[in-house]
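Next comes coords-v7.txt, a file with compact mmCIF, C-alpha atoms and all ligand atoms.
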```txt
# COMPACT_ATOMS: atom_id res chain seq x y z
CA MET W 91 37.89 -33.67 8.83
CA GLU W 92 36.75 -30.62 6.88
CA ASP W 93 34.68 -28.06 8.77
CA LYS W 94 31.84 -28.26 6.26
CA TYR W 95 31.05 -31.78 7.54
CA LEU W 96 30.81 -30.62 11.16
CA GLU W 97 28.24 -28.64 13.12
CA ALA W 98 28.78 -27.02 16.51
CA VAL W 99 26.27 -27.83 19.23
CA SER W 100 25.66 -24.65 21.25
CA VAL W 101 23.23 -26.02 23.85
CA CYS W 102 22.73 -29.41 25.46
CA PRO W 103 20.43 -31.52 23.21
CA VAL W 104 18.66 -32.84 26.32
CA CYS W 105 18.03 -29.82 28.57
CA SER W 106 19.07 -26.83 26.34
CA SER W 107 21.59 -25.56 28.89
CA GLY W 108 24.42 -23.47 27.44
CA ASN W 109 26.59 -24.40 30.42
CA HIS W 110 28.87 -27.20 29.18
CA THR W 111 32.55 -28.00 29.06
CA LYS W 112 34.81 -30.19 26.96
CA PHE W 113 34.90 -33.64 28.55
CA ILE W 114 36.92 -36.12 26.45
CA ALA W 115 38.55 -36.44 23.02
CA THR W 116 38.17 -39.80 21.30
CA PRO W 117 39.21 -41.21 17.90
CA ALA W 118 36.65 -42.40 15.37
CA LEU W 119 35.83 -45.90 16.64
CA MET W 120 35.21 -49.06 14.63
CA HIS W 121 36.58 -47.09 11.68
CA HIS W 122 39.84 -46.79 9.76
CA THR W 123 40.41 -42.98 9.76
CA GLU W 124 42.53 -40.93 12.14
CA ASP W 125 39.72 -38.40 12.80
CA THR W 126 39.31 -37.37 16.42
CA PHE W 127 36.25 -35.87 18.05
CA SER W 128 35.28 -34.32 21.37
CA PHE W 129 32.41 -34.87 23.72
CA SER W 130 31.12 -32.00 25.88
CA CYS W 131 29.49 -32.57 29.26
CA CYS W 132 26.38 -30.60 30.26
CA GLY W 133 26.73 -28.79 33.59
CA GLN W 134 23.01 -29.16 34.25
CA CYS W 135 21.94 -32.73 33.33
CA ASN W 136 25.40 -34.32 32.89
CA ALA W 137 24.59 -35.67 29.42
CA ALA W 138 27.72 -36.01 27.27
CA PHE W 139 27.29 -34.93 23.65
CA LEU W 140 29.48 -34.95 20.57
CA ASN W 141 30.56 -31.38 19.87
CA PRO W 142 31.00 -30.54 17.07
CA ARG W 143 29.04 -33.40 15.58
CA VAL W 144 29.04 -34.73 12.02
CA THR W 145 26.25 -33.42 9.78
CA THR W 146 23.62 -36.08 9.18
CA ASP W 147 24.38 -36.09 5.42
CA HIS W 148 28.04 -36.87 6.04
CA LEU W 149 27.43 -39.45 8.76
CA LYS W 150 26.90 -42.24 6.20
CA THR W 151 30.69 -42.17 5.61
CA TYR W 152 30.93 -43.90 9.00
CA TYR W 153 28.63 -46.74 7.93
CA PRO W 154 30.65 -48.47 5.17
CA ASP W 155 29.72 -51.94 3.88
CA TYR W 156 32.35 -53.51 6.15
CA TYR W 157 30.82 -51.95 9.32
CA LEU W 158 30.79 -54.92 11.71
CA PRO W 159 27.13 -54.71 12.84
CA TYR W 160 26.10 -54.82 9.15
CA ARG W 161 28.17 -57.96 8.56
CA GLY W 162 26.71 -59.53 11.71
CA ALA W 163 27.42 -63.17 12.51
CA ALA W 164 28.79 -63.80 8.97
CA ALA W 165 31.91 -61.77 9.87
CA TRP W 166 32.85 -64.58 12.28
CA GLY W 167 33.19 -67.20 9.51
CA LYS W 168 33.15 -70.74 10.87
CA TYR W 169 32.22 -69.48 14.34
CA ARG W 170 29.08 -67.69 13.17
CA GLY W 171 26.85 -70.18 15.00
CA PHE W 172 28.17 -68.92 18.36
CA VAL W 173 27.39 -65.34 17.40
CA ASP W 174 23.90 -66.25 16.16
CA ARG W 175 23.22 -67.98 19.48
CA SER W 176 24.37 -64.98 21.49
CA GLN W 177 21.98 -62.77 19.44
CA GLN W 178 19.16 -65.22 20.25
CA LYS W 179 20.08 -65.13 23.93
CA MET W 180 19.95 -61.31 23.90
CA ASP W 181 16.58 -61.29 22.12
CA LYS W 182 15.20 -63.66 24.79
CA LYS W 183 16.43 -61.27 27.51
CA ARG W 184 14.65 -58.43 25.68
CA LEU W 185 11.46 -60.49 25.54
CA LYS W 186 11.69 -61.04 29.31
CA THR W 187 12.12 -57.28 29.93
CA CYS W 188 9.11 -56.52 27.73
CA LYS W 189 6.94 -59.08 29.53
CA LYS W 190 7.84 -57.42 32.82
CA PHE W 191 6.63 -54.00 31.66
CA GLY W 192 3.91 -54.94 29.16
CA SER W 193 0.40 -53.80 30.05
CA LYS W 194 -1.68 -56.19 32.14
CA ASN W 195 -4.86 -55.05 30.35
CA THR W 196 -6.95 -57.45 28.33
CA GLY W 197 -6.05 -58.10 24.72
CA PRO W 198 -2.70 -58.51 23.04
CA ILE W 199 -0.02 -55.92 23.72
CA LYS W 200 0.73 -53.51 20.90
CA LEU W 201 4.47 -52.98 20.66
CA LEU W 202 6.56 -50.65 18.49
CA ASP W 203 10.31 -51.27 18.12
CA VAL W 204 12.19 -48.15 17.03
CA GLY W 205 15.35 -48.66 14.96
CA CYS W 206 14.52 -52.34 14.42
CA GLY W 207 17.24 -52.95 11.77
CA ASN W 208 17.45 -56.70 11.14
CA PRO W 209 14.30 -57.52 13.13
CA THR W 210 15.45 -60.65 15.04
CA PHE W 211 13.99 -59.21 18.25
CA LEU W 212 10.52 -58.85 16.64
CA GLN W 213 10.85 -62.39 15.25
CA THR W 214 11.52 -63.69 18.76
CA LEU W 215 8.45 -61.85 20.06
CA SER W 216 6.27 -63.17 17.24
CA GLN W 217 7.36 -66.75 18.01
CA ASN W 218 6.67 -66.41 21.73
CA THR W 219 3.69 -64.06 22.15
CA ASP W 220 0.40 -63.11 20.51
CA TRP W 221 1.36 -59.41 20.58
CA GLN W 222 0.71 -57.02 17.69
CA LEU W 223 4.17 -55.99 16.52
CA THR W 224 5.45 -53.07 14.47
CA GLY W 225 9.03 -52.06 13.69
CA ILE W 226 10.28 -48.78 12.25
CA ASP W 227 13.65 -47.89 10.77
CA PHE W 228 15.09 -45.23 8.45
CA THR W 229 15.90 -47.89 5.86
CA ASP W 230 14.65 -51.35 4.90
CA GLU W 231 18.25 -52.65 4.53
CA GLY W 232 17.80 -54.86 7.61
CA TRP W 233 14.78 -56.80 6.33
CA LYS W 234 14.48 -56.45 2.56
CA ASN W 235 15.83 -59.99 2.00
CA SER W 236 13.93 -61.58 4.90
CA GLY W 237 10.92 -62.93 2.96
CA ASN W 238 7.47 -62.94 4.56
CA LEU W 239 7.40 -61.72 8.13
CA SER W 240 4.39 -61.90 10.40
CA PHE W 241 4.57 -58.31 11.61
CA LYS W 242 4.46 -54.79 10.22
CA LEU W 243 7.67 -52.99 9.25
CA ILE W 244 7.71 -49.31 8.37
CA THR W 245 10.47 -47.36 6.62
CA GLY W 246 10.43 -43.81 7.94
CA ASP W 247 11.38 -41.22 10.51
CA VAL W 248 10.00 -41.78 14.01
CA GLN W 249 9.96 -38.01 14.63
CA ALA W 250 7.59 -37.45 11.70
CA MET W 251 5.46 -40.63 11.85
CA GLU W 252 1.68 -40.30 11.91
CA LEU W 253 0.20 -43.70 12.73
CA ALA W 254 -3.48 -44.25 13.50
CA GLU W 255 -2.79 -46.72 16.32
CA LYS W 256 -1.61 -46.23 19.90
CA PHE W 257 0.89 -48.58 21.51
CA ASP W 258 1.25 -50.14 24.98
CA LEU W 259 4.98 -50.55 24.71
CA VAL W 260 7.80 -48.91 22.73
CA THR W 261 11.31 -50.36 22.72
CA MET W 262 14.54 -48.59 21.72
CA TRP W 263 17.53 -50.94 21.97
CA HIS W 264 20.67 -48.87 21.37
CA TYR W 265 18.86 -46.25 19.31
CA LEU W 266 18.64 -43.08 21.40
CA GLU W 267 22.42 -42.56 21.67
CA HIS W 268 22.40 -42.01 17.88
CA ASP W 269 19.54 -39.51 18.01
CA TYR W 270 20.26 -35.83 17.22
CA ASN W 271 17.01 -34.66 18.86
CA PRO W 272 15.75 -37.05 21.57
CA ASN W 273 13.12 -34.54 22.79
CA LYS W 274 11.47 -34.61 19.37
CA THR W 275 11.58 -38.42 19.28
CA LEU W 276 10.04 -38.81 22.73
CA ALA W 277 7.36 -36.19 21.97
CA SER W 278 6.39 -38.05 18.79
CA LEU W 279 6.31 -41.37 20.65
CA ARG W 280 4.13 -39.89 23.39
CA LYS W 281 1.46 -39.14 20.75
CA HIS W 282 1.55 -42.81 19.78
CA LEU W 283 1.37 -44.23 23.33
CA LYS W 284 -1.60 -44.98 25.52
CA THR W 285 -1.55 -43.25 28.92
CA GLY W 286 0.24 -45.70 31.21
CA GLY W 287 2.16 -47.10 28.23
CA LYS W 288 5.90 -47.64 28.65
CA VAL W 289 9.05 -46.86 26.71
CA ILE W 290 12.02 -49.16 27.34
CA ILE W 291 15.35 -47.55 26.40
CA GLU W 292 18.74 -49.28 26.51
CA VAL W 293 21.90 -47.20 25.94
CA PRO W 294 25.57 -47.13 27.04
CA ASP W 295 26.42 -45.69 30.46
CA TYR W 296 29.40 -43.33 30.30
CA LEU W 297 29.57 -43.03 34.09
CA SER W 298 30.30 -46.78 34.28
CA LEU W 299 33.52 -48.48 35.38
CA THR W 300 34.39 -49.74 31.88
CA ALA W 301 34.19 -46.15 30.56
CA LYS W 302 36.52 -45.00 33.34
CA TRP W 303 39.00 -47.82 32.64
CA GLN W 304 39.00 -47.62 28.85
CA GLN W 305 38.68 -43.82 28.48
CA ALA W 306 38.90 -42.77 24.80
CA HIS W 307 38.79 -46.41 23.60
CA TRP W 308 35.54 -47.22 25.38
CA GLU W 309 33.20 -48.44 22.66
CA GLY W 310 30.19 -46.75 24.27
CA TRP W 311 31.42 -43.53 22.63
CA HIS W 312 31.18 -45.25 19.22
CA THR W 313 32.47 -41.96 17.85
CA PRO W 314 31.05 -40.20 15.85
CA ARG W 315 27.90 -42.33 15.39
CA HIS W 316 26.88 -41.91 19.03
CA THR W 317 26.10 -38.25 19.60
CA LEU W 318 24.58 -38.40 23.09
CA LEU W 319 25.35 -40.35 26.25
CA TYR W 320 22.75 -40.10 29.00
CA THR W 321 22.64 -40.03 32.78
CA LYS W 322 19.72 -40.70 35.10
CA SER W 323 19.29 -36.95 35.52
CA ALA W 324 19.21 -36.48 31.72
CA PHE W 325 16.47 -39.12 31.46
CA GLU W 326 14.47 -37.44 34.21
CA ARG W 327 14.54 -34.18 32.23
CA LEU W 328 13.64 -35.88 28.95
CA ALA W 329 10.73 -37.60 30.69
CA ALA W 330 9.38 -34.47 32.40
CA SER W 331 9.60 -32.36 29.22
CA ASN W 332 7.73 -34.83 27.03
CA GLY W 333 4.86 -36.26 29.08
CA TYR W 334 6.47 -39.15 30.94
CA LYS W 335 7.73 -40.11 34.36
CA LEU W 336 10.86 -42.15 34.94
CA LEU W 337 9.64 -45.46 36.31
CA LYS W 338 12.88 -47.47 36.53
CA HIS W 339 16.57 -46.95 35.97
CA TYR W 340 18.90 -49.97 35.88
CA ARG W 341 22.65 -49.81 35.34
CA TYR W 342 22.71 -52.95 33.20
CA GLY W 343 20.86 -54.12 30.12
CA THR W 344 20.40 -56.96 27.67
CA LEU W 345 23.64 -56.35 25.76
CA ASP W 346 26.43 -58.02 27.75
CA ALA W 347 28.69 -55.43 29.36
CA PHE W 348 31.50 -57.87 28.49
CA THR W 349 30.82 -57.38 24.75
CA LEU W 350 31.12 -53.60 25.06
CA TRP W 351 34.34 -53.93 27.08
CA TRP W 352 35.80 -56.47 24.59
CA MET W 353 35.19 -54.02 21.71
CA GLY W 354 37.15 -51.42 23.70
CA THR W 355 40.09 -53.82 24.02
CA MET W 356 39.97 -54.25 20.22
CA GLU W 357 40.01 -50.45 19.76
CA LYS W 358 43.04 -50.16 21.99
CA LYS W 359 45.05 -52.61 19.89
CA LYS W 360 43.80 -50.91 16.67
CA ALA W 361 42.09 -54.04 15.40
CA ASN W 362 41.13 -54.29 11.75
CA TRP W 363 37.34 -54.09 11.91
CA ALA W 364 37.03 -54.58 8.14
CA GLY W 365 38.57 -58.06 8.09
CA SER W 366 37.37 -61.52 9.08
CA MET W 367 36.80 -61.84 12.83
CA GLU W 368 37.62 -65.58 12.80
CA THR W 369 41.09 -65.12 14.28
CA GLU W 370 39.60 -63.04 17.11
CA PHE W 371 37.29 -65.81 18.26
CA PHE W 372 39.57 -67.72 20.63
CA PRO W 373 41.16 -64.58 22.16
CA LEU W 374 37.58 -63.42 22.82
CA VAL W 375 36.65 -66.71 24.48
CA TRP W 376 39.78 -66.52 26.66
CA LYS W 377 38.96 -62.94 27.71
CA LYS W 378 35.39 -63.99 28.45
CA VAL W 379 36.67 -66.77 30.74
CA TYR W 380 39.15 -64.71 32.73
CA THR W 381 36.82 -61.71 33.16
CA ALA W 382 33.80 -63.86 34.08
CA PRO W 383 34.13 -63.20 37.85
CA LEU W 384 33.87 -59.45 37.12
CA PHE W 385 31.10 -59.47 34.53
CA MET W 386 29.00 -61.85 36.66
CA LEU W 387 28.53 -58.80 38.86
CA GLU W 388 26.96 -56.63 36.15
CA LYS W 389 23.65 -56.28 38.00
CA TRP W 390 25.48 -54.88 41.01
CA LEU W 391 28.33 -52.84 39.48
CA PRO W 392 27.82 -50.26 36.69
CA LEU W 393 29.76 -51.97 33.88
CA GLY W 394 28.70 -50.05 30.78
CA ILE W 395 25.01 -50.48 29.92
CA GLN W 396 21.90 -48.83 31.35
CA THR W 397 18.17 -49.33 30.86
CA VAL W 398 15.39 -46.87 31.66
CA VAL W 399 11.66 -47.38 31.61
CA LEU W 400 9.50 -44.29 31.08
CA GLU W 401 5.75 -44.29 31.70
CA ALA W 402 3.44 -42.08 29.64
CA VAL W 403 1.47 -39.85 32.04
ZN ZN L 501 21.82 -30.95 29.69
```
Taking this structure as input, can you express it in the form of structure tokens?
Amino acid sequence: MEDKYLEAVSVCPVCSSGNHTKFIATPALMHHTEDTFSFSCCGQCNAAFLNPRVTTDHLKTYYPDYYLPYRGAAAWGKYRGFVDRSQQKMDKKRLKTCKKFGSKNTGPIKLLDVGCGNPTFLQTLSQNTDWQLTGIDFTDEGWKNSGNLSFKLITGDVQAMELAEKFDLVTMWHYLEHDYNPNKTLASLRKHLKTGGKVIIEVPDYLSLTAKWQQAHWEGWHTPRHTLLYTKSAFERLAASNGYKLLKHYRYGTLDAFTLWWMGTMEKKKANWAGSMETEFFPLVWKKVYTAPLFMLEKWLPLGIQTVVLEAV
């Protein structure tokens, strides 16, 4: 890749330490090019960050029309029903997590989902709660063909948003690992949270067993779209610098660790991510069956996903 599309990162984007070393080189994942990238590891907070990273203008090259998350369940052809159901199952798990940390005050909870994309999670909430729901994303691509929805969707930048309301709960499902400046995001969100309000963040866990086993093919790197992989210590610093305390840290989440691991096995065999996924369906089911005894343990072993809950203080 040409240098003009890359920018060096001189200090850790979490804690600003200049003490970091090269950690791992990985190819561009879920992509057809031969580009390779490196992640550095911060000596102070242990965050791993892409260095150099792709300029934000050039990053759209890595989101072509065939990008699997854009194609969603449709990429699975006649098996799309299974994929739709697994999305619904994940959204229900997210609802359960939100209910656990939603405010117990009177009145409906006000929730903001950052990076809502195709807002199936907000739809699940609207069908199951009386909460006041808002979603924000950089683009309306995820919902422009969705017809009338019973909640508010905003196109814009969370770091620059100026909303009149304050929220009880903010959710970021696999958003913050894409963020070039998480301190700015969390500072902006703090202004939009009530004191005692919570932020629920789910991201990949690069200190997990699947990352150790799969190394450069581990899909948690999602190179070069993921620019930052966090540790508990990195979250503690982000919280302390921006008006929060770290309330909970779990080394599992709502995205199945199996799914992340399966994507890594696809990377290793250089799968064609642009094609139909139909032929991958039965191999996936077989892998799911024979790894079930391992992935049943995901609440007890760190298998690739982590969740943190920050409380606004
Ligand atoms: Zn750091």
Next item on the list: List all protein, DNA and RNA residues that have an atom no more than 9 Å from any atom of ligand ZN 501 (chain L), counting all atoms listed in the file, and report them as a PyMOL selection string.
Entry: chain W and resi 101-110+131-138+323-324+327
Using only C-alpha atoms, please write the residues we just selected to a file, as a compact mmCIF listing (two decimals), keeping the file's coordinate frame.
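Saved result, result_9.txt, follows:
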```txt
# COMPACT_ATOMS: atom_id res chain seq x y z
CA VAL W 101 23.23 -26.02 23.85
CA CYS W 102 22.73 -29.41 25.46
CA PRO W 103 20.43 -31.52 23.21
CA VAL W 104 18.66 -32.84 26.32
CA CYS W 105 18.03 -29.82 28.57
CA SER W 106 19.07 -26.83 26.34
CA SER W 107 21.59 -25.56 28.89
CA GLY W 108 24.42 -23.47 27.44
CA ASN W 109 26.59 -24.40 30.42
CA HIS W 110 28.87 -27.20 29.18
CA CYS W 131 29.49 -32.57 29.26
CA CYS W 132 26.38 -30.60 30.26
CA GLY W 133 26.73 -28.79 33.59
CA GLN W 134 23.01 -29.16 34.25
CA CYS W 135 21.94 -32.73 33.33
CA ASN W 136 25.40 -34.32 32.89
CA ALA W 137 24.59 -35.67 29.42
CA ALA W 138 27.72 -36.01 27.27
CA SER W 323 19.29 -36.95 35.52
CA ALA W 324 19.21 -36.48 31.72
CA ARG W 327 14.54 -34.18 32.23
```
Note to self: So, with all atoms listed in the file as the atoms that count, which of W:Gln222, W:Tyr160, W:Trp351, W:Lys189 lies closest to W:Ser240?
What the structure shows: W:Gln222
Next item on the list: Would you mind telling me which residue in W:Val399, W:Val144, W:Met91, W:Leu96 lies nearest to W:Arg315 when using only C-alpha atoms?
Entry: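 With only C-alpha atoms as the atom set, the closest residue is W:Val144.
Computed from the coordinates, the atom CA of W:Val260 to atom CA of W:Gly310 distance equals 22.5 Å.
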Next item on the list: Excluding stretch 376-381 of chain W and any residue of its chain fewer than 5 positions from it, enumerate the residues within 9 Å of it, using only C-alpha atoms, and give them as a VMD selection string.
Entry: chain W and resid 348 to 349 352 371 386
Note to self: List as a PyMOL selection string the residues having at least one atom at most 10 Å from position (-1.5, -55.8, 18.8) as given in the file, counting only C-alpha atoms.
What the structure shows: chain W and resi 197-202+220-224+241+255-258
Next item on the list: Mind listing whatever residues come within 12 Å of the point (30.6, -41.7, 7.0)? Use only C-alpha atoms, file coordinates, and give them as a list of chain:residue names.
Entry: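 Checked against the point, the hits come out as W:Met91, W:Tyr95, W:Leu96, W:Ala118, W:Leu119, W:Met120, W:His121, W:His122, W:Thr123, W:Asp125, W:Val144, W:Thr145, W:Thr146, W:Asp147, W:His148, W:Leu149, W:Lys150, W:Thr151, W:Tyr152, W:Tyr153, W:Pro154, W:Asp155, W:Tyr156, W:Tyr157, W:Thr313, W:Pro314, W:Arg315.
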Output C-alpha atoms for every residue in that selection, as a PDB file, in the frame of the given file.
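Saved file again-v5.pdb follows:
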```
ATOM      1  CA  MET W  91      37.890 -33.670   8.830  1.00  0.00           C
ATOM      2  CA  TYR W  95      31.050 -31.780   7.540  1.00  0.00           C
ATOM      3  CA  LEU W  96      30.810 -30.620  11.160  1.00  0.00           C
ATOM      4  CA  ALA W 118      36.650 -42.400  15.370  1.00  0.00           C
ATOM      5  CA  LEU W 119      35.830 -45.900  16.640  1.00  0.00           C
ATOM      6  CA  MET W 120      35.210 -49.060  14.630  1.00  0.00           C
ATOM      7  CA  HIS W 121      36.580 -47.090  11.680  1.00  0.00           C
ATOM      8  CA  HIS W 122      39.840 -46.790   9.760  1.00  0.00           C
ATOM      9  CA  THR W 123      40.410 -42.980   9.760  1.00  0.00           C
ATOM     10  CA  ASP W 125      39.720 -38.400  12.800  1.00  0.00           C
ATOM     11  CA  VAL W 144      29.040 -34.730  12.020  1.00  0.00           C
ATOM     12  CA  THR W 145      26.250 -33.420   9.780  1.00  0.00           C
ATOM     13  CA  THR W 146      23.620 -36.080   9.180  1.00  0.00           C
ATOM     14  CA  ASP W 147      24.380 -36.090   5.420  1.00  0.00           C
ATOM     15  CA  HIS W 148      28.040 -36.870   6.040  1.00  0.00           C
ATOM     16  CA  LEU W 149      27.430 -39.450   8.760  1.00  0.00           C
ATOM     17  CA  LYS W 150      26.900 -42.240   6.200  1.00  0.00           C
ATOM     18  CA  THR W 151      30.690 -42.170   5.610  1.00  0.00           C
ATOM     19  CA  TYR W 152      30.930 -43.900   9.000  1.00  0.00           C
ATOM     20  CA  TYR W 153      28.630 -46.740   7.930  1.00  0.00           C
ATOM     21  CA  PRO W 154      30.650 -48.470   5.170  1.00  0.00           C
ATOM     22  CA  ASP W 155      29.720 -51.940   3.880  1.00  0.00           C
ATOM     23  CA  TYR W 156      32.350 -53.510   6.150  1.00  0.00           C
ATOM     24  CA  TYR W 157      30.820 -51.950   9.320  1.00  0.00           C
ATOM     25  CA  THR W 313      32.470 -41.960  17.850  1.00  0.00           C
ATOM     26  CA  PRO W 314      31.050 -40.200  15.850  1.00  0.00           C
ATOM     27  CA  ARG W 315      27.900 -42.330  15.390  1.00  0.00           C
TER      28      ARG W 315
END
```
Checklist line | Nearest residue to W:Met251 from the set W:Glu92, W:Gly333, W:Gly365, W:Thr275 (distances using only C-alpha atoms) | finding: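 Residue with the minimum atom-to-atom distance to W:Met251: W:Thr275.
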Note to self: For a quick check of understanding, using only C-alpha atoms, which of W:Asp346, W:Lys182, W:Leu243, W:Gly205 has the smallest distance to W:Gln217?
What the structure shows: W:Lys182
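Near stretch 354-362 of chain W, within a cut-off of 7 Å and counting only C-alpha atoms, sit the residues W:Leu119, W:Gln304, W:His307, W:Trp308, W:Glu309, with same-chain residues fewer than 5 positions away left out.
Atom to atom, atom CA of W:Arg161 and atom CA of W:Ser366 stand 9.9 Å apart.
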Notebook entry, point to check: To one decimal place, how far is atom CA of W:Asp203 from atom CA of W:Met262 in Å?
Noted result: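 Atom CA of W:Met262 lies at a distance of 6.2 Å from atom CA of W:Asp203.
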Next item on the list: For W:Lys112, please output as a list in words all residues within 7 Å (counting only C-alpha atoms; exclusion window: fewer than 5 positions along the same chain).
Entry: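 Counting only C-alpha atoms, the residues come to Ser128, Phe129, Ser130 and Cys131 of chain W.
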Checklist line | Spatial neighbours of W:Trp263, 10 Å, only C-alpha atoms, chain gap at least 4 places, as a ChimeraX atom specification | finding: /W:184,203-206,211,267,290-293,343-345,397
Axis-aligned box over every listed atom of stretch 332-346 of chain W, padded by 4 Å per side: centre and edges in Å to one decimal, as lines of an AutoDock Vina configuration file?
```
center_x = 15.6
center_y = -46.4
center_z = 31.1
size_x = 29.6
size_y = 31.2
size_z = 18.8
```
